[in-house]
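**Q** Below you'll find the structure I mean.
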Amino acid sequence: ELTNYVWKDKINDFQAKLLPEPMVKIEKIDEDFFIRYPNTPPEYRDFIGQFDVELSKESSECHFLQFMINTGDFFWRKHINERTREAIPDARTKEELFETNLHLISKMTALGYLFHKYRDKSVEKAIIAMDGKVSEVGESNGRTGKSILGFAVGKVIPSAYIGAKAKDLTEDPFLFEEVNEKIDNVFIDDVRPNIDFEFFFPIITGKMSINQKGLKKFTLSESDTPKIYLTTNHAINGSTSSFKDRQSLIAFSDYYSDHHKPIDDFGINFFDEWDEKQYNYFYNFMANCLQLYFQAAAEGWGANGSGLIEPPTQLLETRRI
């Protein structure tokens, strides 16, 4: 009967402390930007419409933020020795730096989109994580960090996990049996090539019907239907407007692979071995992502005026083809 409420089991059992400033501060480069910052280098005028990224002093200590930056760095071989992983003089161009920034921003707004329950009828999409590396059809280039992002979402909001390697995944009548009105996100991990993405259309833009073994079938309302985070080592079929309008893509570089994992950079396993300081950084950064999504929506930065900022899509479109 209360106007506003929170389920007790949705509250994270962690006493987070707010940092003095956001870990990542984003500003769009436009004419007003040059007025606010008159000492901006003149070459920035070549990047009007792009985004300026300013990192706080705590950002370099946040494992998850550094991981996010690395997964969007498609030019890492220019400033990191591939064999020793030692830094070398950065030879990236300004264009490449801005592209790397855009990958980070797209992932942050994707997280922000997943973190809030409100269903905006004009922005109803599945977040789809893909490898940006172009390869042959059917060739799998995994271990890039897509699943870690999905598990991170589950550390913030209630999430149901679905391993998606089964050939008859969409034929399973009990596919969503772990989902109820308290689940805010469904993490569909590692779908096969040629997955029937159309199967998910009603869930993305409407309601979810759930079969539970031995129980009566029920349907969640639109407001209680969770959002979807889906990972794939391949590409999702479908290039019509019906498919594209239900997808928001994020791209992962090959910085991480089966030869180099996050533990090689940070020395500990994510989540299980983090101390209180790392978890505090993590939750501050996730709140930062949520704020950025609403900021982008308010400013009209995202696609079609939404808060979802698209990554550079050339590699993803090439991979899809």
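Order determines the names: the first chain of the structure tokens is A, the second B, and so forth; residues in each chain are numbered 1 upward, and ligands are numbered 1 upward as they are shown.
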Compile the contact shell of segment 94-103 of chain A as a list in words: residues with an atom at most 6 Å away, counting only C-alpha atoms, same-chain residues fewer than 4 positions apart removed.
**A** Gly72, Asp73 and Pro311 of chain A
**Q** Which residues are near Thr231 of chain A? Cut-off 6 Å, only C-alpha atoms, ignore same chain within fewer than 6 positions. Put them as a compact mmCIF listing (two decimals) with N, CA and C atoms, in the first residue's frame.
**A**
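Generated file (out.txt):
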```txt
# COMPACT_ATOMS: atom_id res chain seq x y z
N ILE A 128 23.56 -5.90 -26.25
CA ILE A 128 24.25 -7.04 -26.86
C ILE A 128 25.75 -6.75 -26.90
N ALA A 129 26.50 -7.61 -26.21
CA ALA A 129 27.96 -7.48 -26.17
C ALA A 129 28.58 -8.38 -27.23
N ASP A 189 24.05 -15.67 -21.67
CA ASP A 189 25.50 -15.70 -21.88
C ASP A 189 25.90 -16.63 -23.01
N ASP A 190 26.63 -16.07 -23.99
CA ASP A 190 27.32 -16.86 -25.01
C ASP A 190 26.35 -17.60 -25.94
```
**Q** Skip Phe201 of chain A itself and residues of its chain fewer than 3 positions away, then list as a PyMOL selection string all residues within 9 Å of it, counting only C-alpha atoms.
**A** chain A and resi 197-198+204-206+242-243+246
**Q** Find the residue from A:Lys17, A:Leu292, A:Ile148, A:Ile88 that sits nearest to Asn269 of chain A; use only C-alpha atoms when measuring.
**A**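 The shortest atom-to-atom distance to Asn269 of chain A comes from A:Ile148.
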**Q** Work out how far atom CA of Asp30 of chain A is from atom CA of Gly49 of chain A, in Å to one decimal.
**A** 6.2 Å
**Q** Output as a PyMOL selection string all residues of segment 105-319 of chain A that backbone DSSP marks as alpha helix (DSSP H).
**A** chain A and resi 105-115+146-154+201-205+241-244+262-266+276-299+314-319
**Q** Extract, using only C-alpha atoms, all DNA, RNA and protein residues at most 10 Å from His260 of chain A, discarding same-chain residues fewer than 3 positions from it, and format them as a PyMOL selection string.
**A** chain A and resi 82-83+85+143-144+254-257+263-265
**Q** So, counting only C-alpha atoms, which residue among A:Gln247, A:Ser253, A:Asn185, A:Thr225 is closest to Asp131 of chain A?
**A**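 Selected residue with least distance to Asp131 of chain A: A:Ser253.
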**Q** Considering only C-alpha atoms, can you say which of A:Ala235, A:Val123, A:Val191, A:Val179 comes closest to Gln212 of chain A?
**A**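 When distances to Gln212 of chain A are compared using only C-alpha atoms, the smallest one comes from A:Val179.
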**Q** Could you work out how far atom CA of Ile127 of chain A lies from atom CA of Asp258 of chain A, giving the answer in Å with one decimal?
**A**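 Distance between the two atoms: 23.9 Å.
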**Q** What is the distance, in Å and to one decimal place, between atom CA of Ser221 of chain A and atom CA of Asp120 of chain A?
**A** 14.0 Å
**Q** Under the rule that only C-alpha atoms are counted, which of A:Asp272, A:Asp90, A:Asp224, A:Glu171 is the nearest residue to Ile183 of chain A?
**A**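 Ranked by minimum distance to Ile183 of chain A, first place goes to A:Asp224.
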**Q** Show which residues sit within 10 Å of Tyr229 of chain A, as a VMD selection string. Count only C-alpha atoms, and ignore same-chain residues fewer than 5 positions away.
**A** chain A and resid 110 to 111 114 125 to 129 146 to 147 149 to 150 153 159 161 185 to 189 248
**Q** Select, from A:Phe252, A:Tyr37, A:Phe176, A:Phe51, the residue with the minimum atom-to-atom distance to Lys25 of chain A, counting only C-alpha atoms.
**A**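 Closest candidate: A:Phe51.
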**Q** Between A:Leu55, A:Ala160, A:Ile105, A:Ile26, which is the closest to Ala251 of chain A once you count only C-alpha atoms?
**A**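 That would be A:Ile105, the residue with the smallest distance to Ala251 of chain A.
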**Q** Mind listing the strand (DSSP E or B) residues of segment 55-289 of chain A, per DSSP on the backbone, as a PyMOL selection string?
**A** chain A and resi 55+80+87+126-131+159-163+185-191+208-210+218-220+227-232+247-252
**Q** Which residues are near segment 10-16 of chain A? Cut-off 12 Å, only C-alpha atoms, ignore same chain within fewer than 6 positions. Put them as a list in words.
**A**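 After dropping sequence-adjacent residues, the list is Gly154, Lys155, Val156, Ile157, Pro158, Ser159, Glu181, Lys182, Ile183, Asp184, Asp275, Glu276, Lys277, Gln278, Tyr279, Asn280, Tyr281, Phe282, Tyr283, Asn284, Phe285, Met286 and Ala287 of chain A.
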**Q** What's the 8 Å shell around Lys167 of chain A, counting only C-alpha atoms, without same-chain residues fewer than 2 positions away, as a VMD selection string?
**A** chain A and resid 165 169 192
